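Below is one structure, written out as structure tokens, with a few remarks after it.
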Amino acid sequence: MPYAAAAPDTPELDVFHCPLDGIRLVEASAGTGKTWNICGLYLRLLLERALPVESLLVVTFTKAATAELSGRIRERIAETLRVLEGAAPGDDPFVPQLIETVLGRGIGAGQMADRLRHALQTFDEAAIFTIHGFCQRALADTPFAAGLPYALELVEDDSALRLEVVQDFWRREVAGGGLPPLLADELLHKGDSPEAWAGILQRHMGRPCARALWDEDGGEAGGGALPAAEARLMQAYAAA
């Protein structure tokens, strides 16, 4: 969304003068003021573009970060409104610099106060989510278009569901009697179990874009090669 990068040939982020349109990338490490700059961009969009809070989407990773970001943005809105209404600004230069910048773009103090007052009154509708929370909200708002049930539940831990699927597969494919006895013995000897396979499935699902590559003879080992080897062994035993 915003603008800047750490490379030496790219400009430093100036939150009060960077463009508000187009696609921008910000690269920043921990403790470099990301929340400070996000608040600046958010308030500029409220004041300069007169956008309502429900039109601004802010997405972060954890619930704790979402709660902190929401609180900081609301605090900035209230602080800026207090200064516009005559209160003295604090030691942080954020509010005076923001007001000066917006005034320089032809937006009066009265307009700014009205827009911030409306933002505070409707802040409960602010779209500040975790990634999962935003996806859940989007699917819940448009279930018919997404082809999904009208009632969805966000499952934060799918370990029980993975184990249930693997146990069902194990009963059907391994314990059901259709597996060659030698291969079944080998699985047990190696310590394979539904729990172990559920762990493998978890790692595989954690890399959805990865492509699994098998040995060239991997597909034959459980198909025709192993039963044929067992048959030859039994023939040799009978001949002996």
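Each chain of the structure tokens is named A, B, ... in the order shown, its residues numbered from 1; ligands are numbered from 1 in display order.
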Residue contacts of region 106-118 of chain A (7 Å, only C-alpha atoms) excluding same-chain residues fewer than 4 positions away, as a PyMOL selection string: chain A and resi 46-47+50+77+81+84+102+122
How would the residues just chosen look if you wrote them out with all heavy atoms as a CSV table (one decimal), in the first residue's frame?
```
chain,number,residue,atom,x,y,z
A,46,LEU,N,-8.1,9.6,5.6
A,46,LEU,CA,-9.4,10.2,6.2
A,46,LEU,C,-9.5,11.7,5.9
A,46,LEU,O,-10.6,12.1,5.6
A,46,LEU,CB,-9.4,10.0,7.7
A,46,LEU,CG,-9.5,8.6,8.3
A,46,LEU,CD1,-9.3,8.6,9.8
A,46,LEU,CD2,-10.8,8.0,7.9
A,47,LEU,N,-8.5,12.4,6.0
A,47,LEU,CA,-8.5,13.9,5.9
A,47,LEU,C,-8.5,14.4,4.5
A,47,LEU,O,-9.2,15.2,4.1
A,47,LEU,CB,-7.4,14.5,6.7
A,47,LEU,CG,-7.5,14.3,8.2
A,47,LEU,CD1,-6.2,14.8,8.9
A,47,LEU,CD2,-8.7,15.0,8.8
A,50,ALA,N,-11.2,12.1,2.4
A,50,ALA,CA,-12.6,12.1,3.0
A,50,ALA,C,-13.1,10.7,2.9
A,50,ALA,O,-14.4,10.5,2.7
A,50,ALA,CB,-13.5,13.1,2.3
A,77,ILE,N,-6.5,9.5,15.9
A,77,ILE,CA,-7.7,10.3,15.5
A,77,ILE,C,-8.2,11.2,16.6
A,77,ILE,O,-8.4,12.4,16.4
A,77,ILE,CB,-8.8,9.4,15.0
A,77,ILE,CG1,-8.4,8.6,13.8
A,77,ILE,CG2,-10.1,10.1,14.7
A,77,ILE,CD1,-9.4,7.5,13.4
A,81,LEU,N,-8.0,15.3,16.7
A,81,LEU,CA,-9.3,16.1,16.9
A,81,LEU,C,-9.2,17.0,18.1
A,81,LEU,O,-9.7,18.2,18.0
A,81,LEU,CB,-10.4,15.1,17.0
A,81,LEU,CG,-11.8,15.8,17.2
A,81,LEU,CD1,-12.2,16.6,16.0
A,81,LEU,CD2,-12.9,14.7,17.4
A,84,LEU,N,-7.2,20.1,17.0
A,84,LEU,CA,-8.0,20.9,16.1
A,84,LEU,C,-9.1,21.7,16.9
A,84,LEU,O,-9.5,22.8,16.5
A,84,LEU,CB,-8.7,20.1,15.1
A,84,LEU,CG,-7.8,19.5,14.0
A,84,LEU,CD1,-8.5,18.5,13.1
A,84,LEU,CD2,-7.3,20.6,13.1
A,102,VAL,N,-1.9,18.9,5.9
A,102,VAL,CA,-3.3,18.8,5.3
A,102,VAL,C,-3.8,20.3,5.1
A,102,VAL,O,-4.5,20.5,4.0
A,102,VAL,CB,-4.2,18.1,6.2
A,102,VAL,CG1,-5.6,18.0,5.7
A,102,VAL,CG2,-3.7,16.6,6.4
A,122,THR,N,-17.8,6.3,14.0
A,122,THR,CA,-18.1,5.1,13.2
A,122,THR,C,-16.9,4.1,13.3
A,122,THR,O,-16.8,3.2,12.5
A,122,THR,CB,-18.3,5.4,11.8
A,122,THR,OG1,-17.2,6.2,11.2
A,122,THR,CG2,-19.6,6.3,11.6
```
Every residue of region 6-230 of chain A that DSSP places in helix (DSSP H, G or I), as a ChimeraX atom specification: /A:34-48,53-55,63-84,94-104,109-121,123-125,131-141,143-146,159-174,181-189,194-205,218-230
CA of Arg137 (chain A) to CA of Val58 (chain A), distance in Å rounded to a single decimal: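 Atom-to-atom, CA of Arg137 (chain A) and CA of Val58 (chain A) are spaced 13.1 Å apart.
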Computed interatomic separation between CA of Val83 (chain A) and CA of Thr35 (chain A) (Å):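 Taking CA of Val83 (chain A) and CA of Thr35 (chain A), their separation equals 20.8 Å.
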Distance of CA of Ala210 (chain A) from CA of Leu187 (chain A), expressed in Å to one decimal place: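 These atoms are spaced 25.2 Å apart.
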Residue with smallest distance to Val53 (chain A) - pool A:Leu13, A:Ile99, A:Cys39, A:Ala127, counting only C-alpha atoms: A:Ala127
Nearest candidate to Val15 (chain A) (options A:Arg49, A:Phe94, A:Glu68, A:Arg74; using only C-alpha atoms):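 Of A:Arg49, A:Phe94, A:Glu68, A:Arg74, the one nearest Val15 (chain A) is A:Phe94, counting only C-alpha atoms.
Of the residues listed (A:Val95, A:Gly147, A:Ala236, A:Thr60), A:Val95 shows the shortest atom-to-atom separation from Arg82 (chain A); distances use only C-alpha atoms.
Residues within 10 Å of Trp36 (chain A), counting only C-alpha atoms and excluding same-chain residues fewer than 3 positions away, are Val15, Thr32, Gly33, Cys39, Gly40, Leu41, Leu69, Arg72, Ile73, Arg76 and Phe94 of chain A.
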Surrounding residues of region 190-206 of chain A excluding itself and chain neighbours under 5 positions, 8 Å, only C-alpha atoms, as a list in words: Ser159, Arg162, Leu163, Val166, Gln167 and Trp170 of chain A
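Ranking A:Ala138, A:Leu98, A:Leu51, A:Ala145 by their shortest atom-to-atom distance to His17 (chain A), with only C-alpha atoms included, puts A:Leu98 first.
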